[in-house]
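Listing of upload22.cif, mmCIF, C-alpha atoms and all ligand atoms
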data_work
loop_
_atom_site.label_atom_id
_atom_site.label_comp_id
_atom_site.auth_asym_id
_atom_site.auth_seq_id
_atom_site.Cartn_x
_atom_site.Cartn_y
_atom_site.Cartn_z
CA MET A 1 0.00 0.00 0.00
CA ALA A 2 1.24 3.50 -0.79
CA THR A 3 2.49 5.45 2.21
CA LEU A 4 1.08 8.87 3.03
CA PHE A 5 4.48 10.19 1.94
CA GLU A 6 3.98 8.75 -1.56
CA LYS A 7 0.37 9.93 -1.73
CA LEU A 8 1.47 13.46 -0.91
CA GLY A 9 3.88 13.46 -3.86
CA GLY A 10 7.07 12.09 -2.30
CA LYS A 11 10.37 13.89 -1.83
CA ASP A 12 9.83 16.70 -4.35
CA ALA A 13 6.52 17.68 -2.79
CA VAL A 14 7.85 17.62 0.79
CA ASP A 15 10.97 19.57 -0.19
CA LEU A 16 8.94 22.25 -1.92
CA ALA A 17 6.40 22.52 0.89
CA VAL A 18 9.12 22.89 3.57
CA ASP A 19 10.97 25.57 1.58
CA LYS A 20 7.78 27.57 1.02
CA PHE A 21 6.72 27.04 4.64
CA TYR A 22 9.92 28.56 6.08
CA GLU A 23 9.77 31.46 3.62
CA ARG A 24 6.39 32.23 5.16
CA VAL A 25 7.56 31.66 8.76
CA LEU A 26 10.55 33.98 8.35
CA ASN A 27 8.21 36.74 7.17
CA ASP A 28 5.75 36.25 10.01
CA ASP A 29 6.24 38.93 12.69
CA ARG A 30 4.53 36.72 15.29
CA ILE A 31 7.26 34.06 15.18
CA LYS A 32 10.24 35.03 13.03
CA HIS A 33 12.27 36.16 16.08
CA PHE A 34 12.56 32.53 17.23
CA PHE A 35 14.69 31.77 14.19
CA VAL A 36 17.26 34.60 14.32
CA ASN A 37 20.05 32.31 15.55
CA THR A 38 18.95 29.25 13.61
CA ASP A 39 20.93 27.86 10.69
CA MET A 40 18.01 27.73 8.25
CA LYS A 41 19.78 25.41 5.81
CA LYS A 42 20.07 22.80 8.57
CA GLN A 43 16.58 23.60 9.84
CA ARG A 44 15.01 22.96 6.44
CA SER A 45 16.88 19.71 6.13
CA HIS A 46 15.88 18.58 9.67
CA GLN A 47 12.26 19.44 8.98
CA LYS A 48 12.29 17.52 5.68
CA ALA A 49 13.77 14.48 7.46
CA PHE A 50 11.20 14.76 10.25
CA LEU A 51 8.19 15.09 7.93
CA THR A 52 9.44 12.31 5.65
CA TYR A 53 9.57 10.11 8.75
CA ALA A 54 6.20 11.31 10.07
CA PHE A 55 4.53 10.62 6.69
CA GLY A 56 5.96 7.11 6.51
CA GLY A 57 8.57 7.86 3.84
CA SER A 58 11.42 6.51 5.98
CA ASP A 59 11.63 4.41 9.09
CA LYS A 60 14.22 6.39 10.99
CA TYR A 61 14.63 9.92 12.26
CA ASP A 62 17.97 10.80 13.84
CA GLY A 63 17.14 14.30 14.95
CA ARG A 64 16.45 15.44 18.45
CA TYR A 65 13.11 14.75 20.06
CA MET A 66 10.64 17.60 19.66
CA ARG A 67 10.53 18.37 23.39
CA GLU A 68 14.30 18.61 23.54
CA ALA A 69 14.60 20.61 20.30
CA HIS A 70 12.21 23.28 21.64
CA LYS A 71 13.08 23.24 25.37
CA ALA A 72 15.30 26.32 25.39
CA LEU A 73 12.78 28.23 23.25
CA VAL A 74 10.05 27.51 25.79
CA GLU A 75 12.18 28.27 28.85
CA GLU A 76 14.17 31.24 27.60
CA GLN A 77 12.03 32.83 24.90
CA GLY A 78 8.49 32.06 26.02
CA LEU A 79 7.52 29.78 23.16
CA SER A 80 3.86 28.89 23.76
CA SER A 81 0.66 27.68 22.15
CA GLU A 82 -0.06 31.02 20.46
CA HIS A 83 3.21 30.61 18.52
CA PHE A 84 2.33 27.04 17.72
CA ASP A 85 -1.00 28.27 16.29
CA ALA A 86 0.88 30.80 14.13
CA VAL A 87 3.17 28.04 12.79
CA ALA A 88 0.18 25.77 12.13
CA GLU A 89 -1.58 28.58 10.27
CA ASP A 90 1.52 29.24 8.14
CA LEU A 91 1.71 25.54 7.30
CA MET A 92 -1.97 25.45 6.29
CA GLU A 93 -1.52 28.53 4.10
CA THR A 94 1.55 26.93 2.49
CA LEU A 95 -0.36 23.77 1.64
CA LYS A 96 -3.39 25.56 0.13
C1 LIG A 101 4.20 20.69 15.04
C2 LIG A 101 5.03 21.66 15.41
C3 LIG A 101 6.50 21.63 15.18
C4 LIG A 101 7.31 20.68 14.60
C5 LIG A 101 6.91 19.34 13.98
C6 LIG A 101 8.67 21.18 14.66
C7 LIG A 101 9.78 20.51 14.18
C8 LIG A 101 11.08 20.88 14.40
C9 LIG A 101 12.26 20.09 14.03
C10 LIG A 101 12.23 18.74 13.29
C11 LIG A 101 13.35 20.77 14.45
C12 LIG A 101 14.82 20.35 14.29
C13 LIG A 101 15.20 19.44 15.44
C14 LIG A 101 16.68 19.11 15.43
O1 LIG A 101 17.50 20.04 15.49
O2 LIG A 101 16.99 17.93 15.39
C15 LIG A 101 12.88 22.00 15.08
C16 LIG A 101 13.68 22.99 15.62
C17 LIG A 101 13.24 24.28 15.86
N1 LIG A 101 11.93 24.70 15.94
FE1 LIG A 101 10.33 23.54 15.63
N2 LIG A 101 8.67 22.41 15.27
C18 LIG A 101 7.38 22.72 15.60
C19 LIG A 101 6.94 23.89 16.22
C20 LIG A 101 7.72 25.02 16.39
C21 LIG A 101 7.24 26.34 16.81
C22 LIG A 101 5.80 26.66 17.18
C23 LIG A 101 8.34 27.17 16.81
C24 LIG A 101 8.42 28.66 17.11
C25 LIG A 101 7.54 29.53 16.70
C26 LIG A 101 9.50 26.38 16.43
C27 LIG A 101 10.78 26.85 16.33
C28 LIG A 101 11.90 26.06 16.16
C29 LIG A 101 13.27 26.57 16.20
C30 LIG A 101 13.69 28.04 16.39
C31 LIG A 101 14.11 25.45 16.02
C32 LIG A 101 15.64 25.43 15.95
C33 LIG A 101 16.24 25.38 17.33
C34 LIG A 101 17.76 25.53 17.18
O3 LIG A 101 18.21 26.38 16.40
O4 LIG A 101 18.45 24.78 17.85
N3 LIG A 101 9.09 25.08 16.19
N4 LIG A 101 11.51 22.05 15.03
#

Take the structure in this file and express it as structure tokens.
Amino acid sequence: MATLFEKLGGKDAVDLAVDKFYERVLNDDRIKHFFVNTDMKKQRSHQKAFLTYAFGGSDKYDGRYMREAHKALVEEQGLSSEHFDAVAEDLMETLK
């Protein structure tokens, strides 16, 4: 049976969606400040690996766990659910 990853269009589709998504995030005044010290080349590649894994396109993900990856942002920069909602909205707009 085709995986969700294949149904969504595979690598090309995920790559394009992630690139467009971060373009939108970095222009979003509600959340762009969280990314000022982030290496966006690495970030895009981590996110592609994570989504490929989440959609069933690979069976391993070597990146950090989500809680660990965002711990300092929560504790030191006040990352909260309102920022999550902004990210979710940007993702929905990207996929329209
Ligand atoms: C469903 C929600 C989210 C997912 C799936 C997600 C996914 C990821 C992944 C895969 C990484 C890379 C982990 C690694 O380095 O191994 C990461 C890092 C990061 N995320 Fe998220 N994220 C989410 C929500 C958010 C939100 C709401 C924000 C802030 C508005 C955010 C800001 C960041 C930043 C700034 C980093 C890089 C941290 C660093 O530079 O070390 N994320 N995220």

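Neighbours of segment 27-32 of chain A closer than or equal to 8 Å, with only C-alpha atoms counted and sequence neighbours fewer than 6 positions away skipped, come out as A:His83, A:Ala86, A:Val87.
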
Q: Identify, counting only C-alpha atoms and all ligand atoms, the protein, DNA and RNA residues located within 7 Å of ligand LIG 101 (chain A), and give them as an NGL selection string.
A: :A and (31 or 34-35 or 37-39 or 43 or 46-47 or 50 or 63-66 or 69-70 or 73 or 79 or 83-84 or 87)

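As for atom CA of Glu82 of chain A and atom CA of Leu95 of chain A, they are spaced 20.2 Å apart.
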
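Comparing A:Val36, A:Val25, A:Ala13, A:Met92 by their smallest distance to Thr52 of chain A, the closest is A:Ala13 (using only C-alpha atoms).
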
**Q.** Pick from A:Tyr53, A:Arg67, A:Ala2, A:Arg44, whichever lies nearest to Leu16 of chain A using all atoms listed in the file
**A.** A:Arg44

Q: Extract, using all atoms listed in the file, all DNA, RNA and protein residues at most 10 Å from Ala17 of chain A, discarding same-chain residues fewer than 3 positions from it, and format them as a ChimeraX atom specification.
A: /A:11-14,20-23,48,91,94-95

Q | Coordinates-based distance that separates atom CA of Phe55 of chain A from atom CA of Arg24 of chain A (Å, one decimal) | A | 21.7 Å

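Taking only C-alpha atoms into account, those protein, DNA and RNA residues with any atom at most 12 Å away from (0.9, 6.5, 3.0) amount to Met1, Ala2, Thr3, Leu4, Phe5, Glu6, Lys7, Leu8, Gly9, Gly10, Thr52, Tyr53, Ala54, Phe55, Gly56, Gly57 and Ser58 of chain A.
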
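Pairwise distance (atom CA of Glu89 of chain A, atom CA of His33 of chain A) equals 16.8 Å.
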